[in-house]
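Asks: Okay, handing you the structure first.
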Amino acid sequence: MATPLKVCVTGAAGQIAYSLLYQIGHGDVFGKEQPLILTLLDITPMMNALHGVVMELHDCAMTLVKEIVPTDSEEEAFRDIDVAFLVGSMPRREGMLRKDLLTANAKIFRSQGLSLDKFAKKTVKVVVVGNPANTNAMICSHFAPSIPKENFTALTRLDHNRAKAQIATRIGVRSDAVKNVVIWGNHSSTQFPDVSHATVEVEGKTLPVYEAVKDDAWIEGDFITTVQGRGAAVLKARKLSSAMSASKAVCDHVRDWWFGAPQDEWVSMAVMSDGSYGMPEGVVYSFPVRVSADCKWAIVKDLPISDFAREKMEKTAKELEEEKKTALEFLASNSS
Ligand SMILES: NC(=O)c1ccc[n+]([C@@H]2O[C@H](COP(=O)([O-])OP(=O)(O)OC[C@H]3O[C@@H](n4cnc5c(N)ncnc54)[C@H](O)[C@@H]3O)[C@@H](O)[C@H]2O)c1
Ligand SMILES: O=C(O)CC[C@H](O)C(=O)O
């Protein structure tokens, strides 16, 4: 049997983790042959609830899970880990602005960046889910300088899945018939869900999405605002943020990173910008990426960009630059 992979989930007593942990333990992310050691981090007041989650994980009788370590210590949670799912943070409640989250959560990601730098393997792969996910990933990477920048990503796969589902429903096909949508930028209401390069298979024929939908006004209007506002709409309806669809998307993101995404398709991942498409370097920006079987992602280059698209891509980039400035200034004046 393979050596166990050491995987950490933070926010392990929260609602996303409650769905996510079963999927990881069941082999949906790292495969059905990969044994796992799970380290579960949450804050001290949540330790009782976390013990309940551990009891349930045991009761799932999952053959791949060799050991479960619940803890409120970052050192214990991150020591020698291969993969980190950074879910733990305060979610937005109704009435809160995203900006409120920035300062509430920035300190968490500074602390976790510093601890990853000290305790995790240098090859650790990190996906940040806790909001504002892109900027939290930037902070984490900033405070973990000994870990390569390409090992830090943030989740925009939920937005990617939402975009695919909206198009598939509109055309009346399965969601896997829709390929190569792109989420550009921030996991926020400024994100740009773009289907100008996307295709859909309808009755055995591959068509551009624009041609199959035959309603440019919808694609450039309601489709975009629906995807941009989907998280807020779920929050309004449930009074809690999306957890089932978020955990499914986290699994899609890390499984594709681990095993490679299908070669005829790209996926959206928020990664450290290298300036591609003229977007600013040093912010964690969602791009279309191809992922190879050796766990390496690469931004898809040279897609033609219309004036309509560029304006939207720049707007979301500007928001990320502002978030970065606010977060780093806040952390500089709040040193503990
Ligand atoms: N990127 C996305 O697509 C996406 C989608 C949905 C939700 N989210 C975000 O994911 C985060 C978690 O959502 P949730 O619904 O599971 O929230 P939740 O409140 O149910 O759970 C969050 C958990 O994190 C824990 N936590 C807080 N500070 C911590 C710390 N320093 N270390 C470890 N754990 C800590 C809390 O105690 C809690 O158990 C939120 O920020 C939410 O906005 C992101
Ligand atoms: O707080 C929000 O508006 C969004 C919550 C979450 O990130 C989502 O996309 O479902």
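Residue numbers start at 1 in each chain; chains themselves are named A, B, ... in the order of the structure tokens; ligands are numbered from 1 in the order shown.
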Show me, as a list in words, the residues that have an atom within 7 Å of segment 90-97 of chain A when counting only C-alpha atoms, minus same-chain residues fewer than 6 positions from it.
Replies: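 The neighbour list is Asn105, Asn131, Lys236 and Lys239 of chain A.
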Asks: Limited to C-alpha atoms, could you put the picked residues into a file as a compact mmCIF listing (two decimals), in the first residue's frame?
Replies:
```
# COMPACT_ATOMS: atom_id res chain seq x y z
CA ASN A 105 -9.66 37.08 8.14
CA ASN A 131 -13.08 34.43 1.89
CA LYS A 236 -29.90 35.09 1.21
CA LYS A 239 -28.94 32.29 5.69
```
Asks: List every residue of segment 96-222 of chain A that DSSP, applied to the backbone of this structure, assigns to strand (DSSP E), and report them as a list of chain:residue names.
Replies: A:Lys125, A:Val126, A:Val127, A:Val128, A:Phe152, A:Thr153, A:Ala154, A:Val178, A:Lys179, A:Val182, A:Ile183, A:Trp184, A:Phe192, A:Pro193, A:Asp194, A:Thr199, A:Val200, A:Glu201, A:Val202, A:Lys205, A:Thr206, A:Leu207, A:Pro208
Asks: Could you please take those selected residues and save C-alpha atoms as a JSON list (two decimals), in the first residue's frame?
Replies:
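Everything below was put into part08.json:
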```
[["chain", "number", "residue", "atom", "x", "y", "z"],
["A", 125, "LYS", "CA", -0.12, 22.30, -2.16],
["A", 126, "VAL", "CA", -2.50, 24.86, -0.72],
["A", 127, "VAL", "CA", -6.04, 25.71, -1.75],
["A", 128, "VAL", "CA", -7.64, 28.68, -0.02],
["A", 152, "PHE", "CA", -0.79, 28.59, -3.45],
["A", 153, "THR", "CA", -4.16, 28.70, -5.20],
["A", 154, "ALA", "CA", -7.62, 29.99, -4.38],
["A", 178, "VAL", "CA", -20.04, 22.59, -21.81],
["A", 179, "LYS", "CA", -16.28, 23.12, -22.00],
["A", 182, "VAL", "CA", -13.41, 30.99, -17.89],
["A", 183, "ILE", "CA", -13.72, 32.79, -14.57],
["A", 184, "TRP", "CA", -11.40, 35.79, -14.67],
["A", 192, "PHE", "CA", -15.95, 37.94, -15.05],
["A", 193, "PRO", "CA", -17.56, 34.67, -16.15],
["A", 194, "ASP", "CA", -16.61, 34.51, -19.83],
["A", 199, "THR", "CA", -18.03, 25.27, -26.60],
["A", 200, "VAL", "CA", -21.00, 22.98, -26.10],
["A", 201, "GLU", "CA", -21.83, 19.62, -27.56],
["A", 202, "VAL", "CA", -25.39, 19.52, -28.86],
["A", 205, "LYS", "CA", -21.96, 18.56, -32.77],
["A", 206, "THR", "CA", -19.53, 20.92, -31.02],
["A", 207, "LEU", "CA", -20.70, 24.53, -31.23],
["A", 208, "PRO", "CA", -19.46, 27.81, -29.78]]
```
Asks: How would you write, as JSON, numbers by chain, the set of residues no farther than 7 Å from ligand 1 when counting only C-alpha atoms and all ligand atoms?
Replies: {"A": [10, 11, 12, 13, 14, 15, 16, 17, 41, 42, 43, 46, 87, 88, 89, 90, 91, 92, 108, 129, 130, 131, 132, 133, 154, 155, 156, 157, 158, 159, 187, 240, 241, 242, 243, 246]}
Asks: Could those residues be written to a file, using C-alpha atoms, as a PDB file, in the first residue's frame?
Replies:
```pdb
ATOM      1  CA  THR A  10      -8.879  23.945   8.497  1.00  0.00           C
ATOM      2  CA  GLY A  11     -12.281  25.122   9.650  1.00  0.00           C
ATOM      3  CA  ALA A  12     -12.835  21.426  10.189  1.00  0.00           C
ATOM      4  CA  ALA A  13     -15.827  21.904  12.485  1.00  0.00           C
ATOM      5  CA  GLY A  14     -17.578  24.175   9.967  1.00  0.00           C
ATOM      6  CA  GLN A  15     -20.217  23.486   7.373  1.00  0.00           C
ATOM      7  CA  ILE A  16     -18.024  23.208   4.233  1.00  0.00           C
ATOM      8  CA  ALA A  17     -15.681  20.798   5.995  1.00  0.00           C
ATOM      9  CA  LEU A  41      -7.660  22.363  12.581  1.00  0.00           C
ATOM     10  CA  ASP A  42     -10.226  24.591  14.232  1.00  0.00           C
ATOM     11  CA  ILE A  43     -10.212  27.173  17.003  1.00  0.00           C
ATOM     12  CA  MET A  46     -14.845  24.494  18.500  1.00  0.00           C
ATOM     13  CA  VAL A  87     -11.361  26.592   4.676  1.00  0.00           C
ATOM     14  CA  GLY A  88     -11.385  28.007   8.203  1.00  0.00           C
ATOM     15  CA  SER A  89     -12.325  31.665   8.463  1.00  0.00           C
ATOM     16  CA  MET A  90     -15.329  33.774   9.203  1.00  0.00           C
ATOM     17  CA  PRO A  91     -17.989  33.551   6.468  1.00  0.00           C
ATOM     18  CA  ARG A  92     -19.973  36.606   5.393  1.00  0.00           C
ATOM     19  CA  ILE A 108      -5.728  34.157  10.196  1.00  0.00           C
ATOM     20  CA  VAL A 129     -11.423  28.590   0.275  1.00  0.00           C
ATOM     21  CA  GLY A 130     -12.029  31.008   3.165  1.00  0.00           C
ATOM     22  CA  ASN A 131     -13.082  34.428   1.894  1.00  0.00           C
ATOM     23  CA  PRO A 132     -11.869  36.748   0.521  1.00  0.00           C
ATOM     24  CA  ALA A 133     -10.178  33.673  -0.947  1.00  0.00           C
ATOM     25  CA  ALA A 154      -7.624  29.993  -4.378  1.00  0.00           C
ATOM     26  CA  LEU A 155     -10.956  28.487  -5.265  1.00  0.00           C
ATOM     27  CA  THR A 156     -12.881  29.854  -8.250  1.00  0.00           C
ATOM     28  CA  ARG A 157     -13.960  26.401  -9.377  1.00  0.00           C
ATOM     29  CA  LEU A 158     -17.339  26.942  -7.724  1.00  0.00           C
ATOM     30  CA  ASP A 159     -17.900  29.945 -10.009  1.00  0.00           C
ATOM     31  CA  HIS A 187     -14.037  35.258  -6.337  1.00  0.00           C
ATOM     32  CA  LEU A 240     -25.684  30.325   5.407  1.00  0.00           C
ATOM     33  CA  SER A 241     -23.097  30.361   2.647  1.00  0.00           C
ATOM     34  CA  SER A 242     -22.992  27.618   0.009  1.00  0.00           C
ATOM     35  CA  ALA A 243     -21.417  24.535   1.549  1.00  0.00           C
ATOM     36  CA  ALA A 246     -18.407  24.706  -2.402  1.00  0.00           C
TER      37      ALA A 246
END
```
Asks: With only C-alpha atoms as the basis for distance, which of A:Ser286, A:Val300, A:Ala104, A:Asp72 is at the shortest distance from Pro45 of chain A?
Replies: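 When distances to Pro45 of chain A are compared using only C-alpha atoms, the smallest one comes from A:Asp72.
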Asks: At a cut-off of 8 Å, using only C-alpha atoms, what residues contact Asp252 of chain A? Leave out same-chain residues fewer than 3 positions from it and give the result as a PyMOL selection string.
Replies: chain A and resi 29+157+248-249+255-256
Asks: I need the residues from that last selection saved to file as an mmCIF file, in the first residue's frame (with N, CA and C atoms), if you can.
Replies:
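Output contents, as saved in selection.cif:
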```cif
data_model
loop_
_atom_site.group_PDB
_atom_site.id
_atom_site.type_symbol
_atom_site.label_atom_id
_atom_site.label_comp_id
_atom_site.auth_asym_id
_atom_site.auth_seq_id
_atom_site.Cartn_x
_atom_site.Cartn_y
_atom_site.Cartn_z
ATOM 1 N N VAL A 29 -10.850 12.627 -4.011
ATOM 2 C CA VAL A 29 -9.870 13.653 -4.397
ATOM 3 C C VAL A 29 -8.533 13.013 -4.774
ATOM 4 N N ARG A 157 -13.323 27.510 -8.672
ATOM 5 C CA ARG A 157 -13.960 26.401 -9.377
ATOM 6 C C ARG A 157 -15.474 26.363 -9.129
ATOM 7 N N LYS A 248 -17.946 20.420 -3.115
ATOM 8 C CA LYS A 248 -17.816 19.670 -4.382
ATOM 9 C C LYS A 248 -16.769 20.358 -5.280
ATOM 10 N N ALA A 249 -16.821 21.694 -5.318
ATOM 11 C CA ALA A 249 -15.882 22.437 -6.166
ATOM 12 C C ALA A 249 -14.445 22.314 -5.640
ATOM 13 N N ARG A 255 -8.563 17.597 -7.017
ATOM 14 C CA ARG A 255 -8.422 16.355 -7.806
ATOM 15 C C ARG A 255 -7.752 16.661 -9.149
ATOM 16 N N ASP A 256 -8.193 17.732 -9.816
ATOM 17 C CA ASP A 256 -7.588 18.077 -11.113
ATOM 18 C C ASP A 256 -6.138 18.531 -10.947
#
```
Asks: Please return, as a PyMOL selection string, all residues of segment 20-220 of chain A that DSSP assigns to alpha helix (DSSP H) on the basis of the backbone.
Replies: chain A and resi 20-25+47-59+74-78+98-119+133-142+157-171+209-213+216-219
Asks: So which one's closest to Glu150 of chain A, A:Ala298, A:Ile37, A:Ala168, A:Ala217? Using only C-alpha atoms, please.
Replies: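 Closest to Glu150 of chain A, using only C-alpha atoms: A:Ala298.
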Asks: Just give me the gap between atom CA of Ile167 of chain A and atom CA of Ala309 of chain A in Å, one decimal is fine.
Replies: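 Value for the atom CA of Ile167 of chain A-atom CA of Ala309 of chain A distance: 18.0 Å.
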Asks: Name the residues in contact with His142 of chain A at a cut-off of 9 Å, using only C-alpha atoms, excluding same-chain residues fewer than 6 positions from it; report them as JSON, numbers by chain.
Replies: {"A": [110, 113, 114, 149]}
Asks: Could you dump the residues just selected with C-alpha atoms as a compact mmCIF listing (two decimals), in the first residue's frame?
Replies:
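Ended up saving to out-v7.txt:
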```txt
# COMPACT_ATOMS: atom_id res chain seq x y z
CA ARG A 110 -0.84 35.62 8.00
CA GLY A 113 1.24 31.38 6.13
CA LEU A 114 3.93 31.71 8.81
CA LYS A 149 4.30 30.72 -5.11
```
Asks: Using only C-alpha atoms and all ligand atoms, pick whichever of A:Ser335, A:Ser268, A:Thr39, A:Asn134 has the shortest atom-to-atom distance to ligand 2.
Replies: A:Asn134
Asks: I'd like the contact shell of Asn186 of chain A - 8 Å cut-off, only C-alpha atoms, skipping same-chain residues fewer than 6 positions apart - returned as an MDAnalysis selection string.
Replies: chainID A and resid 134 156 270 284:286 316:317 319:320
Asks: Any chance you can output those residues with N, CA and C atoms as a PDB file, in the first residue's frame?
Replies:
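Below is the file that was written, again.pdb:
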```
ATOM      1  N   ASN A 134      -9.072  34.945  -2.739  1.00  0.00           N
ATOM      2  CA  ASN A 134      -7.885  35.306  -3.542  1.00  0.00           C
ATOM      3  C   ASN A 134      -6.865  36.057  -2.691  1.00  0.00           C
ATOM      4  N   THR A 156     -11.837  29.239  -7.418  1.00  0.00           N
ATOM      5  CA  THR A 156     -12.881  29.854  -8.250  1.00  0.00           C
ATOM      6  C   THR A 156     -13.603  28.768  -9.050  1.00  0.00           C
ATOM      7  N   ALA A 270      -7.615  30.318  -9.301  1.00  0.00           N
ATOM      8  CA  ALA A 270      -6.989  31.585  -8.948  1.00  0.00           C
ATOM      9  C   ALA A 270      -5.556  31.287  -8.526  1.00  0.00           C
ATOM     10  N   VAL A 284      -3.548  37.302  -6.592  1.00  0.00           N
ATOM     11  CA  VAL A 284      -4.000  35.945  -6.930  1.00  0.00           C
ATOM     12  C   VAL A 284      -5.270  36.100  -7.775  1.00  0.00           C
ATOM     13  N   TYR A 285      -5.123  35.851  -9.062  1.00  0.00           N
ATOM     14  CA  TYR A 285      -6.140  36.182 -10.075  1.00  0.00           C
ATOM     15  C   TYR A 285      -6.608  34.884 -10.734  1.00  0.00           C
ATOM     16  N   SER A 286      -7.888  34.763 -10.959  1.00  0.00           N
ATOM     17  CA  SER A 286      -8.382  33.531 -11.601  1.00  0.00           C
ATOM     18  C   SER A 286      -8.178  33.590 -13.113  1.00  0.00           C
ATOM     19  N   THR A 316     -12.041  43.681 -12.247  1.00  0.00           N
ATOM     20  CA  THR A 316     -11.854  42.721 -11.161  1.00  0.00           C
ATOM     21  C   THR A 316     -10.389  42.733 -10.690  1.00  0.00           C
ATOM     22  N   ALA A 317      -9.454  43.015 -11.612  1.00  0.00           N
ATOM     23  CA  ALA A 317      -8.043  43.133 -11.225  1.00  0.00           C
ATOM     24  C   ALA A 317      -7.849  44.322 -10.287  1.00  0.00           C
ATOM     25  N   GLU A 319     -10.004  45.562  -8.249  1.00  0.00           N
ATOM     26  CA  GLU A 319     -10.512  45.209  -6.911  1.00  0.00           C
ATOM     27  C   GLU A 319      -9.465  44.390  -6.143  1.00  0.00           C
ATOM     28  N   LEU A 320      -8.801  43.470  -6.848  1.00  0.00           N
ATOM     29  CA  LEU A 320      -7.784  42.644  -6.177  1.00  0.00           C
ATOM     30  C   LEU A 320      -6.596  43.493  -5.722  1.00  0.00           C
TER      31      LEU A 320
END
```
Asks: From the list A:Gly52, A:Pro145, A:Gly185, A:Gly231, which residue is nearest ligand 2 when using only C-alpha atoms and all ligand atoms?
Replies: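 Among the listed residues, the smallest separation from ligand 2 belongs to A:Gly231.
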